[in-house]
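Participant: Once you've had a glance at the structure underneath, I'll fire off some questions.
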Number of protein chains: 2
Amino acid sequence: MTSAHPPADLRQRFIDDYLLYLMARASHVVSDEFHEQLRRRRISVPVWRVLASLVGSPGETVTGLAEVCLLQQPTMTKLLDRMVRDGLVKRTQDSRDRRVVRVGLTPRGDAVVEELIALARRHEAEVLARHPEAEALAIKNLLRAILRRHAKPRRSATNGG
Amino acid sequence: MTSAHPPADLRQRFIDDYLLYLMARASHVVSDEFHEQLRRRRISVPVWRVLASLVGSPGETVTGLAEVCLLQQPTMTKLLDRMVRDGLVKRTQDSRDRRVVRVGLTPRGDAVVEELIALARRHEAEVLARHPEAEALAIKNLLRAILRRHAKPRRSATNGG
DNA sequence: GTGATGAAATTGCCTTTTCATGTAACCTGT
DNA sequence: ACAGGTTACATGAAAAGGCAATTTCATCAC
């Protein structure tokens with residue numbers, strides 16, 4: 001055996017030393033501050049994610065958006081239905097592959113996301129200021145390294161592959 | 001203006017440099033590996049979270065569990081309904097404050113979580129081995145520091161406060 | 001061309017979550 | 001004791017999500 005655990009009443013909870021929990025919780029508590037601002041504007045988190053994903057990368061596909069937004073593909077289809085209904089995005093058929101749907105921002109969606117991104121940048125700066133030991137580059141590079149190692153080859157947004 | 005952005009086709013997506021997205025995504029991709037193991041056992045993520053939360057900390061309250069598991073309180077009530085139905089946890093009234101419900105593992109719940117924790121520990125070790133630059137202590141301490149700064153005063157599980 | 005295989009998006013059914021509210025219990029000041 | 005405020009949990013209607021098909025299209029082998 002590698003170790004004996006201290007008695008239950010002295011041991012902290014399992015989750016308090018569990019990496020996956022720490023990651024989920026840190027992400028949650030920090031994000032919740034921003035999500036509060038979204039709530040005030042009646043914008044849901046998935047909607048924000050879609051808008052933000054489209055900013056530097058117009059013409060994403062449904063599957064691509066689902067992957068980026070951490071959602072299932074059918075969920076994304078239904079989310080896009082609502083966003084189209086609300087005039088935030090538009091669907092267009094891909095010319096080369098007619099199965100593919102390309103998603104783009106409407107002028108209204110663009111205006112909305114513009115404002116939200118400004119908020120997001122401001123909030124991010126606050127968070128980083130509040131956590132000096134998590135210097136921007138350090139923590140971001142760490143997270144990016146983790147993501148890179150998990151990256152599956154993914155076709156780009158702007159060509160159908 | 002603070003800066004001019006490079007043209008859209010050279011600029012990476014907003015989210016690729018956005019801390020909250022990097023945190024959410026890193027948490028998601030890493031956790032998904034473990035969640036896959038849960039899926040094979042027909043155990044949902046929220047159920048796993050409740051079980052894991054109760055391990056070093058029996059007698060949590062409904063509200064306390066909701067907070068720890070990153071869920072809303074009504075969601076937790078209904079989740080506990082199902083978990084009671086499935087024989088994983090039991091509810092008991094607090095003797096001092098009759099509004100309070102204390103939640104504990106049943107023998108079956110205990111057996112289930114025991115096995116899952118073994119899986120979780122193994123998986124966590126793999127993740128840390130795969131990301132040497134994110135040494136266990138370093139990243140965990142960073143995340144804990146973030147969490148500590150967000151901590152709201154919270155009553156302990158084992159006394160009503 | 002025909003048929004098989006696989007990918008992209010949608011649909012439908014059912015479960016889960018959310019939001020707002022309801023109900024019971026505790027607490028404080030008078 | 002009891003009003004007024006607050007906290008803990010539960011409930012109910014409506015929205016969102018998950019999973020398993022289904023549909024449409026592209027591609028590859030023959």
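Here's how to read the names in the structure tokens: chain A, B, ... by the order shown, residue numbers from 1 in each chain, ligand numbers from 1 in the order shown.
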Compute the set of chain B residues within 8 Å of chain D, using only C-alpha atoms (C1' of nucleotides), and express it as a compact mmCIF listing (two decimals) with N, CA, C and O atoms, in the first residue's frame.
Facilitator:
# COMPACT_ATOMS: atom_id res chain seq x y z
N VAL B 62 -28.84 19.81 2.25
CA VAL B 62 -29.22 19.92 0.84
C VAL B 62 -28.58 21.15 0.22
O VAL B 62 -27.96 21.09 -0.84
N THR B 63 -28.71 22.26 0.90
CA THR B 63 -28.13 23.48 0.37
C THR B 63 -26.61 23.37 0.28
O THR B 63 -26.00 23.80 -0.71
N PRO B 74 -32.91 23.65 -5.80
CA PRO B 74 -34.02 22.79 -6.24
C PRO B 74 -33.54 21.60 -7.07
O PRO B 74 -34.11 20.50 -6.98
N THR B 77 -32.49 19.00 -4.59
CA THR B 77 -33.63 18.30 -3.97
C THR B 77 -34.12 17.17 -4.87
O THR B 77 -34.33 16.05 -4.43
N ARG B 99 -35.86 22.26 10.05
CA ARG B 99 -35.92 22.58 8.63
C ARG B 99 -34.85 21.82 7.87
O ARG B 99 -34.96 21.56 6.68
N VAL B 100 -33.78 21.49 8.58
CA VAL B 100 -32.58 20.98 7.92
C VAL B 100 -32.67 19.48 7.65
O VAL B 100 -33.09 18.72 8.51
N VAL B 101 -32.28 19.10 6.46
CA VAL B 101 -32.19 17.69 6.08
C VAL B 101 -30.72 17.32 5.95
O VAL B 101 -29.97 18.00 5.27
Participant: Could you tell me which residues of chain C sit within 9 Å of chain A when counting only C-alpha atoms (C1' of nucleotides), and give me the result as a list of chain:residue names?
Facilitator: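 Residues of chain C within 9 Å of chain A, counting only C-alpha atoms (C1' of nucleotides): C:DA7, C:DA8, C:DA9, C:DT10.
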Participant: Residues of chain A within 9 Å of chain B: nearest atom pair and distance (Å, one decimal) for each, counting only C-alpha atoms, sorted by chain and number, as a Markdown table?
Facilitator:
| residue | atom | partner | partner_atom | distance |
| --- | --- | --- | --- | --- |
| A:Ala8 | CA | B:Gly56 | CA | 6.3 |
| A:Asp9 | CA | B:Gly56 | CA | 7.8 |
| A:Arg11 | CA | B:Gly56 | CA | 6.8 |
| A:Gln12 | CA | B:Gly56 | CA | 6.2 |
| A:Arg13 | CA | B:Gly56 | CA | 4.2 |
| A:Phe14 | CA | B:Gly56 | CA | 6.0 |
| A:Ile15 | CA | B:Ser53 | CA | 6.5 |
| A:Asp16 | CA | B:Arg144 | CA | 8.6 |
| A:Asp17 | CA | B:Lys140 | CA | 7.5 |
| A:Tyr18 | CA | B:Glu124 | CA | 7.6 |
| A:Leu19 | CA | B:Lys140 | CA | 6.5 |
| A:Leu20 | CA | B:Ser31 | CA | 6.2 |
| A:Tyr21 | CA | B:Ser27 | CA | 8.6 |
| A:Leu22 | CA | B:Leu143 | CA | 6.1 |
| A:Met23 | CA | B:Ser27 | CA | 5.4 |
| A:Ala24 | CA | B:Ser27 | CA | 5.5 |
| A:Arg25 | CA | B:Leu70 | CA | 7.4 |
| A:Ala26 | CA | B:Leu147 | CA | 5.9 |
| A:Ser27 | CA | B:Met23 | CA | 5.4 |
| A:His28 | CA | B:Leu70 | CA | 7.4 |
| A:Val29 | CA | B:His150 | CA | 7.1 |
| A:Val30 | CA | B:Leu20 | CA | 7.3 |
| A:Ser31 | CA | B:Leu20 | CA | 6.2 |
| A:Arg49 | CA | B:Ile15 | CA | 8.8 |
| A:Ala52 | CA | B:Ile15 | CA | 6.7 |
| A:Ser53 | CA | B:Ile15 | CA | 6.5 |
| A:Leu54 | CA | B:Arg13 | CA | 7.9 |
| A:Val55 | CA | B:Arg13 | CA | 6.5 |
| A:Gly56 | CA | B:Arg13 | CA | 4.2 |
| A:Ser57 | CA | B:Arg13 | CA | 6.1 |
| A:Val68 | CA | B:Arg25 | CA | 8.4 |
| A:Cys69 | CA | B:Arg25 | CA | 8.5 |
| A:Leu70 | CA | B:Arg25 | CA | 7.3 |
| A:Ile117 | CA | B:Phe14 | CA | 8.4 |
| A:Ala120 | CA | B:Tyr18 | CA | 8.4 |
| A:Arg121 | CA | B:Tyr18 | CA | 8.0 |
| A:Glu124 | CA | B:Leu19 | CA | 6.8 |
| A:Leu128 | CA | B:Leu19 | CA | 8.8 |
| A:Arg130 | CA | B:Arg149 | CA | 8.5 |
| A:His131 | CA | B:Ile146 | CA | 6.8 |
| A:Glu133 | CA | B:Leu142 | CA | 7.6 |
| A:Ala134 | CA | B:Leu142 | CA | 6.9 |
| A:Ala136 | CA | B:Leu19 | CA | 8.1 |
| A:Ile139 | CA | B:Leu19 | CA | 8.4 |
| A:Lys140 | CA | B:Leu19 | CA | 6.5 |
| A:Leu142 | CA | B:Ala134 | CA | 6.9 |
| A:Leu143 | CA | B:Leu22 | CA | 6.1 |
| A:Arg144 | CA | B:Leu22 | CA | 7.0 |
| A:Ala145 | CA | B:His131 | CA | 8.1 |
| A:Ile146 | CA | B:Ala26 | CA | 6.6 |
| A:Leu147 | CA | B:Ala26 | CA | 5.9 |
| A:Arg149 | CA | B:His131 | CA | 8.4 |
| A:His150 | CA | B:Val29 | CA | 7.1 |
Participant: Going by DSSP on the backbone, which bits of segment 5-144 of chain A are alpha helix (DSSP H)? Write them as a PyMOL selection string, please.
Facilitator: chain A and resi 19-40+45-54+62-68+73-85+107-130+136-144
Participant: From a backbone DSSP assignment, name each residue in chain A labelled strand (DSSP E), as number ranges by chain.
Facilitator: A: 60-61, 89-93, 101-105
Participant: Keeping only N, CA, C and O atoms, write the selected residues as a PDB file, in the first residue's frame.
Facilitator:
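Written out: selection-v3.pdb:
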ATOM      1  N   GLU A  60     -18.623  29.000 -38.757  1.00  0.00           N
ATOM      2  CA  GLU A  60     -18.442  27.714 -38.098  1.00  0.00           C
ATOM      3  C   GLU A  60     -19.583  26.778 -38.485  1.00  0.00           C
ATOM      4  O   GLU A  60     -20.679  27.221 -38.807  1.00  0.00           O
ATOM      5  N   THR A  61     -19.323  25.506 -38.397  1.00  0.00           N
ATOM      6  CA  THR A  61     -20.373  24.524 -38.633  1.00  0.00           C
ATOM      7  C   THR A  61     -21.074  24.198 -37.323  1.00  0.00           C
ATOM      8  O   THR A  61     -20.593  24.544 -36.243  1.00  0.00           O
ATOM      9  N   VAL A  89     -28.139  34.967 -34.892  1.00  0.00           N
ATOM     10  CA  VAL A  89     -27.292  34.301 -35.888  1.00  0.00           C
ATOM     11  C   VAL A  89     -28.142  33.918 -37.091  1.00  0.00           C
ATOM     12  O   VAL A  89     -29.374  33.920 -37.033  1.00  0.00           O
ATOM     13  N   LYS A  90     -27.442  33.593 -38.178  1.00  0.00           N
ATOM     14  CA  LYS A  90     -28.157  33.072 -39.350  1.00  0.00           C
ATOM     15  C   LYS A  90     -27.445  31.817 -39.844  1.00  0.00           C
ATOM     16  O   LYS A  90     -26.239  31.658 -39.704  1.00  0.00           O
ATOM     17  N   ARG A  91     -28.236  30.913 -40.407  1.00  0.00           N
ATOM     18  CA  ARG A  91     -27.684  29.695 -40.991  1.00  0.00           C
ATOM     19  C   ARG A  91     -27.558  29.882 -42.485  1.00  0.00           C
ATOM     20  O   ARG A  91     -28.428  30.473 -43.115  1.00  0.00           O
ATOM     21  N   THR A  92     -26.485  29.348 -43.062  1.00  0.00           N
ATOM     22  CA  THR A  92     -26.390  29.309 -44.523  1.00  0.00           C
ATOM     23  C   THR A  92     -25.815  27.967 -44.937  1.00  0.00           C
ATOM     24  O   THR A  92     -24.998  27.385 -44.228  1.00  0.00           O
ATOM     25  N   GLN A  93     -26.270  27.485 -46.088  1.00  0.00           N
ATOM     26  CA  GLN A  93     -25.773  26.223 -46.607  1.00  0.00           C
ATOM     27  C   GLN A  93     -24.354  26.392 -47.120  1.00  0.00           C
ATOM     28  O   GLN A  93     -24.038  27.399 -47.755  1.00  0.00           O
ATOM     29  N   VAL A 101     -23.990  23.106 -42.585  1.00  0.00           N
ATOM     30  CA  VAL A 101     -24.606  24.391 -42.286  1.00  0.00           C
ATOM     31  C   VAL A 101     -23.550  25.313 -41.697  1.00  0.00           C
ATOM     32  O   VAL A 101     -22.862  24.940 -40.748  1.00  0.00           O
ATOM     33  N   ARG A 102     -23.421  26.477 -42.265  1.00  0.00           N
ATOM     34  CA  ARG A 102     -22.472  27.470 -41.739  1.00  0.00           C
ATOM     35  C   ARG A 102     -23.244  28.506 -40.941  1.00  0.00           C
ATOM     36  O   ARG A 102     -24.316  28.957 -41.367  1.00  0.00           O
ATOM     37  N   VAL A 103     -22.708  28.879 -39.797  1.00  0.00           N
ATOM     38  CA  VAL A 103     -23.409  29.793 -38.899  1.00  0.00           C
ATOM     39  C   VAL A 103     -22.667  31.122 -38.857  1.00  0.00           C
ATOM     40  O   VAL A 103     -21.443  31.147 -38.723  1.00  0.00           O
ATOM     41  N   GLY A 104     -23.411  32.198 -38.979  1.00  0.00           N
ATOM     42  CA  GLY A 104     -22.805  33.518 -38.924  1.00  0.00           C
ATOM     43  C   GLY A 104     -23.602  34.456 -38.045  1.00  0.00           C
ATOM     44  O   GLY A 104     -24.781  34.220 -37.777  1.00  0.00           O
ATOM     45  N   LEU A 105     -22.943  35.500 -37.593  1.00  0.00           N
ATOM     46  CA  LEU A 105     -23.616  36.493 -36.765  1.00  0.00           C
ATOM     47  C   LEU A 105     -24.484  37.398 -37.632  1.00  0.00           C
ATOM     48  O   LEU A 105     -24.089  37.780 -38.735  1.00  0.00           O
TER      49      LEU A 105
END
Participant: What separation in Å, quoted to one decimal, exists between atom CA of Leu80 of chain B and atom CA of Trp48 of chain B?
Facilitator: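 Going from atom CA of Leu80 of chain B over to atom CA of Trp48 of chain B covers 11.8 Å.
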Participant: Just the number, please: distance in Å from atom CA of Glu36 of chain B to atom CA of Asp110 of chain B, one decimal.
Facilitator: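 Atom-to-atom, atom CA of Glu36 of chain B to atom CA of Asp110 of chain B, that is 20.9 Å.
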